[in-house]
$ cat query32.pdb   # PDB, C-alpha atoms
ATOM      1  CA  THR A   1     -58.868 132.596  18.062
ATOM      2  CA  THR A   2     -55.891 132.087  15.778
ATOM      3  CA  ARG A   3     -54.102 134.841  13.920
ATOM      4  CA  HIS A   4     -53.569 134.109  10.242
ATOM      5  CA  SER A   5     -51.687 137.294   9.468
ATOM      6  CA  ALA A   6     -47.923 137.533   9.297
ATOM      7  CA  LYS A   7     -46.296 140.119  11.512
ATOM      8  CA  MET A   8     -44.799 142.985   9.533
ATOM      9  CA  LYS A   9     -41.059 143.406   9.782
ATOM     10  CA  LEU A  10     -39.880 146.456  11.640
ATOM     11  CA  ARG A  11     -37.658 148.868   9.698
ATOM     12  CA  GLN A  12     -35.651 151.842  10.864
ATOM     13  CA  PHE A  13     -36.446 155.256   9.399
ATOM     14  CA  GLN A  14     -34.973 158.710   9.721
ATOM     15  CA  VAL A  15     -37.703 161.359   9.657
ATOM     16  CA  ILE A  16     -36.846 165.042   9.411
ATOM     17  CA  GLY A  17     -39.519 167.642   9.958
ATOM     18  CA  ARG A  18     -40.124 171.170  11.144
ATOM     19  CA  ARG A  19     -42.880 173.631  11.852
ATOM     20  CA  ALA A  20     -44.259 175.094   8.671
ATOM     21  CA  PRO A  21     -42.414 178.329   7.826
ATOM     22  CA  THR A  22     -44.446 181.516   8.332
ATOM     23  CA  ASP A  23     -43.767 185.190   7.697
ATOM     24  CA  ALA A  24     -42.820 185.601  11.356
ATOM     25  CA  ASP A  25     -40.569 182.550  11.364
ATOM     26  CA  PRO A  26     -39.339 181.851   7.834
ATOM     27  CA  ASN A  27     -36.717 179.299   8.839
ATOM     28  CA  PRO A  28     -37.843 177.184  11.790
ATOM     29  CA  PRO A  29     -35.384 174.619  13.169
ATOM     30  CA  ALA A  30     -35.639 171.140  11.704
ATOM     31  CA  TYR A  31     -35.691 168.050  13.876
ATOM     32  CA  ARG A  32     -34.515 164.580  12.973
ATOM     33  CA  MET A  33     -35.837 161.421  14.601
ATOM     34  CA  LYS A  34     -34.754 157.859  14.112
ATOM     35  CA  LEU A  35     -37.740 155.570  14.537
ATOM     36  CA  PHE A  36     -38.754 151.971  14.094
ATOM     37  CA  ALA A  37     -41.877 151.333  12.062
ATOM     38  CA  ALA A  38     -43.239 148.835   9.564
ATOM     39  CA  ASN A  39     -43.345 151.402   6.768
ATOM     40  CA  ALA A  40     -42.794 155.058   5.997
ATOM     41  CA  VAL A  41     -46.423 156.008   6.640
ATOM     42  CA  LEU A  42     -46.280 154.665  10.175
ATOM     43  CA  ALA A  43     -42.877 156.279  10.641
ATOM     44  CA  LYS A  44     -44.278 159.691   9.790
ATOM     45  CA  SER A  45     -47.201 159.139  12.117
ATOM     46  CA  ARG A  46     -44.841 158.176  14.929
ATOM     47  CA  PHE A  47     -42.708 161.234  14.187
ATOM     48  CA  TRP A  48     -45.670 163.520  14.855
ATOM     49  CA  TYR A  49     -46.592 161.527  17.962
ATOM     50  CA  PHE A  50     -43.189 162.235  19.469
ATOM     51  CA  MET A  51     -42.759 165.740  18.112
ATOM     52  CA  HIS A  52     -45.977 167.118  19.561
ATOM     53  CA  GLN A  53     -45.053 165.586  22.923
ATOM     54  CA  MET A  54     -41.707 167.357  22.945
ATOM     55  CA  ARG A  55     -42.121 170.497  20.892
ATOM     56  CA  LYS A  56     -44.905 172.837  19.928
ATOM     57  CA  MET A  57     -45.627 171.262  16.559
ATOM     58  CA  LYS A  58     -48.091 168.850  15.080
ATOM     59  CA  LYS A  59     -48.979 167.397  11.717
ATOM     60  CA  THR A  60     -51.254 170.242  10.744
ATOM     61  CA  THR A  61     -48.776 172.945  11.731
ATOM     62  CA  GLY A  62     -45.678 171.213  10.464
ATOM     63  CA  GLU A  63     -44.127 169.655   7.425
ATOM     64  CA  ILE A  64     -42.012 166.574   6.920
ATOM     65  CA  LEU A  65     -38.894 167.283   4.935
ATOM     66  CA  ALA A  66     -37.534 163.780   4.474
ATOM     67  CA  VAL A  67     -38.179 160.155   5.292
ATOM     68  CA  ASN A  68     -35.279 157.806   4.638
ATOM     69  CA  GLU A  69     -34.847 154.197   5.540
ATOM     70  CA  ILE A  70     -31.738 153.346   7.550
ATOM     71  CA  THR A  71     -30.384 149.925   6.680
ATOM     72  CA  GLU A  72     -28.023 147.835   8.770
ATOM     73  CA  LYS A  73     -24.389 148.607   8.067
ATOM     74  CA  ASN A  74     -23.161 145.013   8.402
ATOM     75  CA  SER A  75     -25.838 142.372   8.705
ATOM     76  CA  ARG A  76     -23.346 139.502   8.470
ATOM     77  CA  ILE A  77     -21.920 139.612  11.999
ATOM     78  CA  VAL A  78     -23.554 139.101  15.375
ATOM     79  CA  LYS A  79     -23.593 142.227  17.508
ATOM     80  CA  ASN A  80     -24.752 143.156  21.003
ATOM     81  CA  TYR A  81     -27.517 145.729  20.922
ATOM     82  CA  GLY A  82     -28.543 147.863  23.887
ATOM     83  CA  VAL A  83     -32.056 149.280  23.898
ATOM     84  CA  TRP A  84     -33.112 151.979  26.335
ATOM     85  CA  ILE A  85     -36.862 152.215  26.681
ATOM     86  CA  ARG A  86     -39.548 153.980  28.637
ATOM     87  CA  TYR A  87     -42.797 152.093  29.072
ATOM     88  CA  ASN A  88     -46.116 152.364  30.804
ATOM     89  CA  SER A  89     -46.992 149.561  33.143
ATOM     90  CA  ARG A  90     -50.401 149.259  34.770
ATOM     91  CA  SER A  91     -49.318 151.362  37.733
ATOM     92  CA  GLY A  92     -46.640 153.728  36.505
ATOM     93  CA  THR A  93     -44.073 154.497  33.842
ATOM     94  CA  HIS A  94     -40.552 153.091  34.056
ATOM     95  CA  ASN A  95     -37.233 153.161  32.251
ATOM     96  CA  MET A  96     -35.516 150.002  31.209
ATOM     97  CA  TYR A  97     -32.293 148.968  29.616
ATOM     98  CA  LYS A  98     -32.309 145.726  27.650
ATOM     99  CA  GLU A  99     -29.654 143.900  25.689
ATOM    100  CA  TYR A 100     -30.009 141.568  22.738
ATOM    101  CA  ARG A 101     -27.651 139.669  20.497
ATOM    102  CA  SER A 102     -28.620 139.907  16.872
ATOM    103  CA  LEU A 103     -27.449 140.542  13.337
ATOM    104  CA  THR A 104     -29.494 143.695  12.818
ATOM    105  CA  LEU A 105     -30.768 146.504  15.016
ATOM    106  CA  THR A 106     -34.329 146.085  13.724
ATOM    107  CA  ASN A 107     -34.278 142.428  14.743
ATOM    108  CA  ALA A 108     -33.089 143.398  18.230
ATOM    109  CA  VAL A 109     -35.913 145.949  18.531
ATOM    110  CA  GLU A 110     -38.457 143.332  17.403
ATOM    111  CA  LYS A 111     -37.099 141.027  20.098
ATOM    112  CA  MET A 112     -37.493 143.835  22.611
ATOM    113  CA  TYR A 113     -41.160 144.344  21.758
ATOM    114  CA  ASP A 114     -41.792 140.610  21.949
ATOM    115  CA  GLU A 115     -39.978 140.346  25.275
ATOM    116  CA  MET A 116     -41.811 143.324  26.774
ATOM    117  CA  ALA A 117     -45.114 141.843  25.673
ATOM    118  CA  GLY A 118     -44.213 138.462  27.118
ATOM    119  CA  ARG A 119     -42.555 139.486  30.353
ATOM    120  CA  HIS A 120     -44.406 142.688  31.248
ATOM    121  CA  ARG A 121     -47.609 142.560  29.159
ATOM    122  CA  ALA A 122     -46.543 145.905  27.703
ATOM    123  CA  ARG A 123     -47.999 146.566  24.259
ATOM    124  CA  LYS A 124     -46.069 148.322  21.535
ATOM    125  CA  SER A 125     -48.136 151.471  22.000
ATOM    126  CA  SER A 126     -47.014 151.784  25.623
ATOM    127  CA  ILE A 127     -43.318 151.553  24.800
ATOM    128  CA  GLN A 128     -41.118 154.450  23.722
ATOM    129  CA  ILE A 129     -37.603 153.722  22.543
ATOM    130  CA  ILE A 130     -35.285 156.325  24.022
ATOM    131  CA  ASN A 131     -32.061 155.093  22.504
ATOM    132  CA  THR A 132     -30.502 152.129  20.769
ATOM    133  CA  GLY A 133     -26.946 151.241  19.971
ATOM    134  CA  ILE A 134     -24.310 148.612  19.495
ATOM    135  CA  VAL A 135     -22.669 147.848  22.822
ATOM    136  CA  PRO A 136     -19.124 146.466  22.833
ATOM    137  CA  ALA A 137     -18.843 143.101  24.539
ATOM    138  CA  SER A 138     -16.867 144.504  27.491
ATOM    139  CA  LYS A 139     -19.664 146.933  28.325
ATOM    140  CA  CYS A 140     -22.567 144.496  28.167
ATOM    141  CA  ARG A 141     -24.459 144.117  31.406
ATOM    142  CA  ARG A 142     -26.910 141.278  30.935
ATOM    143  CA  THR A 143     -25.779 137.723  31.692
ATOM    144  CA  THR A 144     -27.849 136.196  28.872
ATOM    145  CA  VAL A 145     -25.714 138.254  26.496
ATOM    146  CA  THR A 146     -22.337 138.146  28.261
ATOM    147  CA  GLN A 147     -22.446 134.368  28.598
ATOM    148  CA  MET A 148     -22.199 134.182  24.806
ATOM    149  CA  HIS A 149     -18.998 136.231  24.757
ATOM    150  CA  LYS A 150     -16.685 133.491  25.879
ATOM    151  CA  SER A 151     -14.186 132.948  23.066
ATOM    152  CA  THR A 152     -14.089 129.182  23.636
ATOM    153  CA  LEU A 153     -17.841 128.844  24.024
ATOM    154  CA  ALA A 154     -18.924 125.271  23.386
ATOM    155  CA  PHE A 155     -21.956 123.386  24.618
ATOM    156  CA  PRO A 156     -23.628 120.148  23.601
ATOM    157  CA  LEU A 157     -27.241 119.745  22.608
ATOM    158  CA  PRO A 158     -28.498 117.230  25.144
ATOM    159  CA  HIS A 159     -31.897 115.565  24.805
ATOM    160  CA  ARG A 160     -32.644 116.453  21.191
ATOM    161  CA  VAL A 161     -36.329 115.998  20.598
ATOM    162  CA  GLN A 162     -36.724 115.036  16.956
ATOM    163  CA  ARG A 163     -39.091 116.683  14.558
ATOM    164  CA  ALA A 164     -40.170 115.362  11.165
ATOM    165  CA  PRO A 165     -38.192 117.066   8.385
ATOM    166  CA  ALA A 166     -41.390 118.013   6.589
ATOM    167  CA  LYS A 167     -45.031 118.276   7.552
ATOM    168  CA  LYS A 168     -45.956 115.277   5.429
ATOM    169  CA  TYR A 169     -43.684 112.981   7.478
ATOM    170  CA  ARG A 170     -45.389 113.861  10.747
ATOM    171  CA  SER A 171     -47.286 111.018  12.364
ATOM    172  CA  THR A 172     -49.214 110.648  15.606
ATOM    173  CA  PHE A 173     -47.851 107.176  16.336
ATOM    174  CA  LEU A 174     -44.328 105.827  15.871
ATOM    175  CA  ALA A 175     -43.193 102.222  15.830
ATOM    176  CA  THR A 176     -40.110 102.859  17.993
ATOM    177  CA  ARG A 177     -39.388 105.319  20.774
ATOM    178  CA  PRO A 178     -37.219 108.127  19.399
ATOM    179  CA  ASN A 179     -33.519 108.376  20.239
ATOM    180  CA  THR A 180     -32.674 111.734  21.839
ATOM    181  CA  TYR A 181     -28.911 111.297  22.201
ATOM    182  CA  HIS A 182     -26.983 112.434  19.156
ATOM    183  CA  GLY A 183     -23.477 112.876  20.537
TER
ATOM    184  CA  MET B   1     -23.328 109.994  28.939
ATOM    185  CA  VAL B   2     -20.388 111.823  27.434
ATOM    186  CA  PHE B   3     -21.001 114.471  24.827
ATOM    187  CA  THR B   4     -18.572 114.688  21.930
ATOM    188  CA  ARG B   5     -20.411 116.980  19.519
ATOM    189  CA  PHE B   6     -20.579 120.590  20.632
ATOM    190  CA  VAL B   7     -22.102 123.770  19.345
ATOM    191  CA  GLU B   8     -18.962 125.844  18.847
ATOM    192  CA  VAL B   9     -17.376 128.090  16.269
ATOM    193  CA  GLY B  10     -16.078 125.864  13.490
ATOM    194  CA  ARG B  11     -18.417 122.921  14.078
ATOM    195  CA  VAL B  12     -19.647 121.457  10.801
ATOM    196  CA  VAL B  13     -23.396 120.943  10.827
ATOM    197  CA  MET B  14     -25.945 119.322   8.547
ATOM    198  CA  ILE B  15     -28.990 121.475   7.913
ATOM    199  CA  ASN B  16     -32.155 119.408   8.346
ATOM    200  CA  TYR B  17     -34.969 121.760   7.530
ATOM    201  CA  GLY B  18     -35.677 124.666   5.273
ATOM    202  CA  PRO B  19     -34.390 125.671   1.842
ATOM    203  CA  SER B  20     -30.820 124.527   2.571
ATOM    204  CA  ALA B  21     -31.908 121.117   3.882
ATOM    205  CA  GLY B  22     -29.410 118.340   3.273
ATOM    206  CA  LYS B  23     -26.392 120.642   3.012
ATOM    207  CA  LEU B  24     -23.354 121.071   5.229
ATOM    208  CA  ALA B  25     -22.411 124.393   6.798
ATOM    209  CA  THR B  26     -20.114 125.680   9.541
ATOM    210  CA  ILE B  27     -21.113 127.446  12.721
ATOM    211  CA  VAL B  28     -19.500 130.838  12.416
ATOM    212  CA  ASP B  29     -20.897 132.500  15.542
ATOM    213  CA  ILE B  30     -23.360 131.695  18.303
ATOM    214  CA  VAL B  31     -26.187 134.192  18.745
ATOM    215  CA  ASP B  32     -27.834 132.819  21.870
ATOM    216  CA  SER B  33     -28.878 129.573  23.486
ATOM    217  CA  ASN B  34     -31.174 128.703  20.585
ATOM    218  CA  LYS B  35     -29.624 130.194  17.467
ATOM    219  CA  CYS B  36     -26.325 130.338  15.668
ATOM    220  CA  LEU B  37     -24.921 131.939  12.560
ATOM    221  CA  VAL B  38     -24.070 129.338   9.921
ATOM    222  CA  TYR B  39     -22.330 129.737   6.606
ATOM    223  CA  GLY B  40     -21.344 127.322   3.858
ATOM    224  CA  PRO B  41     -19.640 129.092   0.969
ATOM    225  CA  THR B  42     -18.536 125.815  -0.645
ATOM    226  CA  THR B  43     -21.897 124.096  -0.165
ATOM    227  CA  ASP B  44     -24.236 126.914  -1.303
ATOM    228  CA  VAL B  45     -25.571 127.681   2.145
ATOM    229  CA  PRO B  46     -26.104 131.434   2.470
ATOM    230  CA  ARG B  47     -24.877 133.120   5.627
ATOM    231  CA  GLN B  48     -27.842 133.022   7.984
ATOM    232  CA  VAL B  49     -29.032 132.743  11.550
ATOM    233  CA  ILE B  50     -30.532 129.314  12.104
ATOM    234  CA  THR B  51     -32.043 127.660  15.160
ATOM    235  CA  PHE B  52     -30.496 124.514  16.624
ATOM    236  CA  ARG B  53     -33.792 122.752  15.903
ATOM    237  CA  ARG B  54     -32.976 122.908  12.204
ATOM    238  CA  ILE B  55     -29.431 121.583  12.339
ATOM    239  CA  ALA B  56     -27.675 118.364  13.273
ATOM    240  CA  LEU B  57     -24.139 118.480  14.656
ATOM    241  CA  THR B  58     -21.528 116.313  12.946
ATOM    242  CA  ASP B  59     -18.258 114.950  14.303
ATOM    243  CA  LEU B  60     -16.299 117.313  12.081
ATOM    244  CA  LYS B  61     -14.835 120.615  13.151
ATOM    245  CA  CYS B  62     -12.827 123.081  11.158
ATOM    246  CA  ASN B  63     -10.457 125.687  12.470
ATOM    247  CA  VAL B  64     -11.987 129.109  11.900
ATOM    248  CA  GLY B  65     -12.229 132.246  13.945
ATOM    249  CA  ARG B  66     -15.505 133.722  15.127
ATOM    250  CA  GLY B  67     -17.396 135.556  12.415
ATOM    251  CA  ALA B  68     -15.236 134.106   9.656
ATOM    252  CA  LYS B  69     -15.780 135.293   6.118
ATOM    253  CA  ALA B  70     -16.047 133.245   2.933
ATOM    254  CA  ALA B  71     -12.337 133.182   2.066
ATOM    255  CA  ALA B  72     -11.202 132.096   5.538
ATOM    256  CA  LEU B  73     -13.912 129.442   5.686
ATOM    257  CA  LYS B  74     -13.041 128.002   2.276
ATOM    258  CA  LYS B  75      -9.381 127.866   3.272
ATOM    259  CA  ALA B  76     -10.086 126.150   6.595
ATOM    260  CA  TRP B  77     -12.512 123.734   4.952
ATOM    261  CA  LYS B  78      -9.794 122.728   2.496
ATOM    262  CA  ALA B  79      -6.978 122.645   5.087
ATOM    263  CA  ASP B  80      -8.946 120.376   7.419
ATOM    264  CA  GLY B  81     -10.161 118.176   4.558
ATOM    265  CA  ILE B  82     -13.798 118.465   5.597
ATOM    266  CA  GLU B  83     -15.232 117.345   2.245
ATOM    267  CA  GLU B  84     -13.174 114.132   2.179
ATOM    268  CA  ALA B  85     -13.720 113.429   5.886
ATOM    269  CA  TRP B  86     -17.450 113.899   5.394
ATOM    270  CA  LYS B  87     -17.640 111.633   2.338
ATOM    271  CA  ALA B  88     -15.730 108.939   4.266
ATOM    272  CA  SER B  89     -18.026 109.129   7.284
ATOM    273  CA  SER B  90     -20.682 106.458   7.680
ATOM    274  CA  TRP B  91     -23.372 109.160   7.932
ATOM    275  CA  ALA B  92     -22.537 110.475   4.478
ATOM    276  CA  ARG B  93     -22.229 106.970   3.054
ATOM    277  CA  LYS B  94     -25.669 106.099   4.412
ATOM    278  CA  LEU B  95     -27.137 109.206   2.816
ATOM    279  CA  ALA B  96     -25.429 108.366  -0.477
ATOM    280  CA  ARG B  97     -26.719 104.799  -0.338
ATOM    281  CA  LYS B  98     -30.274 106.085   0.275
ATOM    282  CA  GLU B  99     -29.925 108.487  -2.631
ATOM    283  CA  ALA B 100     -28.605 105.742  -4.920
ATOM    284  CA  ARG B 101     -31.440 103.387  -4.003
ATOM    285  CA  LYS B 102     -34.008 106.116  -4.618
ATOM    286  CA  ASN B 103     -32.672 106.691  -8.097
ATOM    287  CA  LEU B 104     -32.573 103.066  -9.234
ATOM    288  CA  GLY B 105     -34.273 102.266 -12.504
ATOM    289  CA  ASP B 106     -36.181  99.053 -13.057
ATOM    290  CA  PHE B 107     -33.197  97.300 -14.639
ATOM    291  CA  ASP B 108     -31.008  98.431 -11.729
ATOM    292  CA  ARG B 109     -33.507  96.974  -9.287
ATOM    293  CA  PHE B 110     -33.384  93.717 -11.254
ATOM    294  CA  LYS B 111     -29.604  93.681 -11.024
ATOM    295  CA  VAL B 112     -29.842  94.291  -7.274
ATOM    296  CA  MET B 113     -32.261  91.382  -6.928
ATOM    297  CA  VAL B 114     -29.922  89.062  -8.822
ATOM    298  CA  ALA B 115     -26.941  90.199  -6.733
ATOM    299  CA  ARG B 116     -28.839  89.596  -3.472
ATOM    300  CA  LYS B 117     -29.809  86.107  -4.606
ATOM    301  CA  GLN B 118     -26.163  85.325  -5.464
ATOM    302  CA  LYS B 119     -25.020  86.653  -2.074
ATOM    303  CA  SER B 120     -27.588  84.637  -0.131
ATOM    304  CA  LYS B 121     -26.613  81.497  -2.126
ATOM    305  CA  ILE B 122     -22.973  81.892  -1.073
ATOM    306  CA  VAL B 123     -23.976  82.569   2.550
ATOM    307  CA  ALA B 124     -26.322  79.549   2.656
ATOM    308  CA  ALA B 125     -23.654  77.255   1.207
ATOM    309  CA  LYS B 126     -21.135  78.448   3.790
ATOM    310  CA  MET B 127     -23.681  78.010   6.629
ATOM    311  CA  LYS B 128     -24.377  74.449   5.456
ATOM    312  CA  SER B 129     -20.665  73.591   5.327
ATOM    313  CA  MET B 130     -20.154  75.043   8.837
ATOM    314  CA  LYS B 131     -23.063  73.056  10.294
ATOM    315  CA  ALA B 132     -21.833  69.780   8.888
TER
END
$ encode --input "query32.pdb" --output "structure tokens"
Amino acid sequence: TTRHSAKMKLRQFQVIGRRAPTDADPNPPAYRMKLFAANAVLAKSRFWYFMHQMRKMKKTTGEILAVNEITEKNSRIVKNYGVWIRYNSRSGTHNMYKEYRSLTLTNAVEKMYDEMAGRHRARKSSIQIINTGIVPASKCRRTTVTQMHKSTLAFPLPHRVQRAPAKKYRSTFLATRPNTYHG
Amino acid sequence: MVFTRFVEVGRVVMINYGPSAGKLATIVDIVDSNKCLVYGPTTDVPRQVITFRRIALTDLKCNVGRGAKAAALKKAWKADGIEEAWKASSWARKLARKEARKNLGDFDRFKVMVARKQKSKIVAAKMKSMKA
């Protein structure tokens, strides 16, 4: 079966909530979580998912004080993102640290979900993001990321398989064999 | 097989696919083995991550630092004479020729036909004199 729906872009939200104030406890402590979700509704839902795991509060006994979107500070430079996750595999739960090069944190997190699905068959629901952050190049640990840090990085593109510039120029048969060497 | 065109910071590329197709841009940073950050402030290419599948490397390279911004890129582009070097390259001339031929009107096509007949007449006369 083919999917005809576009995947929603992940956004980062800051959700602040607390237990509903009562006469006994008029000013309960507020908690702030930074989450990744497609929209604010899902962010709030995820907030309660985590909060009732970690504290004695749930949607019915609590209130959300604020939901704000966090946008990327500088989306014009490539950065190294570290993502610390906890995920359920078929036989246990494990921690992982993954690194990605990307312009935005949300893009790096999307890559993480795709990679976990591809490499470990872990669905989004089985993954909890513990922490994320920009990692300076000197502290990066993964070779796929550190190999891009060389200041004089240069590589050719050998064996370029051509693709028609637009769908209408595609054809099943070609008169000549394509040339794959372009310098 | 020696490679002379490299994916590197400063390499001028032609974008082949997408909304900026047909425009030149510079590689400003390399994201990973499949994607790079390109930018073309003088050629109306917005700063974006693009896959190598959508670009073609040219012989031209300009001297910019990694992650260069618009001002530095414009300056380097001018200092290294990229626009002039590109226009003089046979690749650009071929593209220009294709564009010119596409935009010929009927009278222009007539003029081209006449010119080709004149050229072939001169060539045939020369061939005949050489054979004799």
$ resolve_selection --input "query32.pdb" --expression "the PyMOL selection byres ((chain A) within 10 of (chain B))" --output "VMD selection string"
chain A and resid 75 to 80 100 to 103 144 to 149 151 to 158 160 to 166 181 to 183
$ closest_residue --input "query32.pdb" --among "A:Ile127, A:Ala175, A:Val67, A:Met96" --to "Asp114 in chain A" --atoms "only C-alpha atoms"
A:Ile127
$ closest_atom_pairs --input "query32.pdb" --of "range 71-153 of chain A" --to "range 50-59 of chain A" --cutoff "12 Å" --atoms "only C-alpha atoms" --output "JSON lines"
{"residue": "A:Ile127", "atom": "CA", "partner": "A:Phe50", "partner_atom": "CA", "distance": 11.9}
{"residue": "A:Gln128", "atom": "CA", "partner": "A:Phe50", "partner_atom": "CA", "distance": 9.1}
{"residue": "A:Ile129", "atom": "CA", "partner": "A:Phe50", "partner_atom": "CA", "distance": 10.6}
{"residue": "A:Ile130", "atom": "CA", "partner": "A:Phe50", "partner_atom": "CA", "distance": 10.9}
$ atom_distance --input "query32.pdb" --atom1 "CA of Ser89 in chain A" --atom2 "CA of Lys111 in chain A"
18.5 Å
$ residues_near_point --input "query32.pdb" --point "(-16.6, 128.1, 5.0)" --cutoff "10 Å" --atoms "only C-alpha atoms" --output "PyMOL selection string"
chain B and resi 10+12+24-28+38-45+47+62-64+68-78
$ resolve_selection --input "query32.pdb" --expression "the PyMOL selection byres ((chain A and resi 20-30) around 10)" --output "number ranges by chain"
A: 16-19, 31-32, 57-65
$ atom_distance --input "query32.pdb" --atom1 "CA of Ala85 in chain B" --atom2 "CA of Met14 in chain B"
13.8 Å
$ atom_distance --input "query32.pdb" --atom1 "CA of Lys126 in chain B" --atom2 "CA of Ala100 in chain B"
29.6 Å
$ closest_residue --input "query32.pdb" --among "A:Leu42, A:Ala6, A:Ala122, A:Ala37" --to "Gly92 in chain A" --atoms "only C-alpha atoms"
A:Ala122
$ residues_around --input "query32.pdb" --residues "Arg121 in chain A" --least-positions-apart "4" --cutoff "12 Å" --atoms "all atoms listed in the file" --output "NGL selection string"
:A and (87-90 or 113-117 or 125-127)
$ write_last_selection --input "query32.pdb" --atoms "C-alpha atoms" --output "PDB file, keeping the file's coordinate frame"
ATOM      1  CA  TYR A  87     -42.797 152.093  29.072  1.00  0.00           C
ATOM      2  CA  ASN A  88     -46.116 152.364  30.804  1.00  0.00           C
ATOM      3  CA  SER A  89     -46.992 149.561  33.143  1.00  0.00           C
ATOM      4  CA  ARG A  90     -50.401 149.259  34.770  1.00  0.00           C
ATOM      5  CA  TYR A 113     -41.160 144.344  21.758  1.00  0.00           C
ATOM      6  CA  ASP A 114     -41.792 140.610  21.949  1.00  0.00           C
ATOM      7  CA  GLU A 115     -39.978 140.346  25.275  1.00  0.00           C
ATOM      8  CA  MET A 116     -41.811 143.324  26.774  1.00  0.00           C
ATOM      9  CA  ALA A 117     -45.114 141.843  25.673  1.00  0.00           C
ATOM     10  CA  SER A 125     -48.136 151.471  22.000  1.00  0.00           C
ATOM     11  CA  SER A 126     -47.014 151.784  25.623  1.00  0.00           C
ATOM     12  CA  ILE A 127     -43.318 151.553  24.800  1.00  0.00           C
TER      13      ILE A 127
END
$ resolve_selection --input "query32.pdb" --expression "the PyMOL selection byres ((chain A and resi 81) around 9)" --output "compact mmCIF listing (two decimals) with C-alpha atoms, in the frame of the given file"
# COMPACT_ATOMS: atom_id res chain seq x y z
CA LYS A 79 -23.59 142.23 17.51
CA ASN A 80 -24.75 143.16 21.00
CA GLY A 82 -28.54 147.86 23.89
CA VAL A 83 -32.06 149.28 23.90
CA LYS A 98 -32.31 145.73 27.65
CA GLU A 99 -29.65 143.90 25.69
CA TYR A 100 -30.01 141.57 22.74
CA ARG A 101 -27.65 139.67 20.50
CA SER A 102 -28.62 139.91 16.87
CA THR A 104 -29.49 143.70 12.82
CA LEU A 105 -30.77 146.50 15.02
CA ALA A 108 -33.09 143.40 18.23
CA VAL A 109 -35.91 145.95 18.53
CA THR A 132 -30.50 152.13 20.77
CA GLY A 133 -26.95 151.24 19.97
CA ILE A 134 -24.31 148.61 19.50
CA VAL A 135 -22.67 147.85 22.82
CA PRO A 136 -19.12 146.47 22.83
CA CYS A 140 -22.57 144.50 28.17
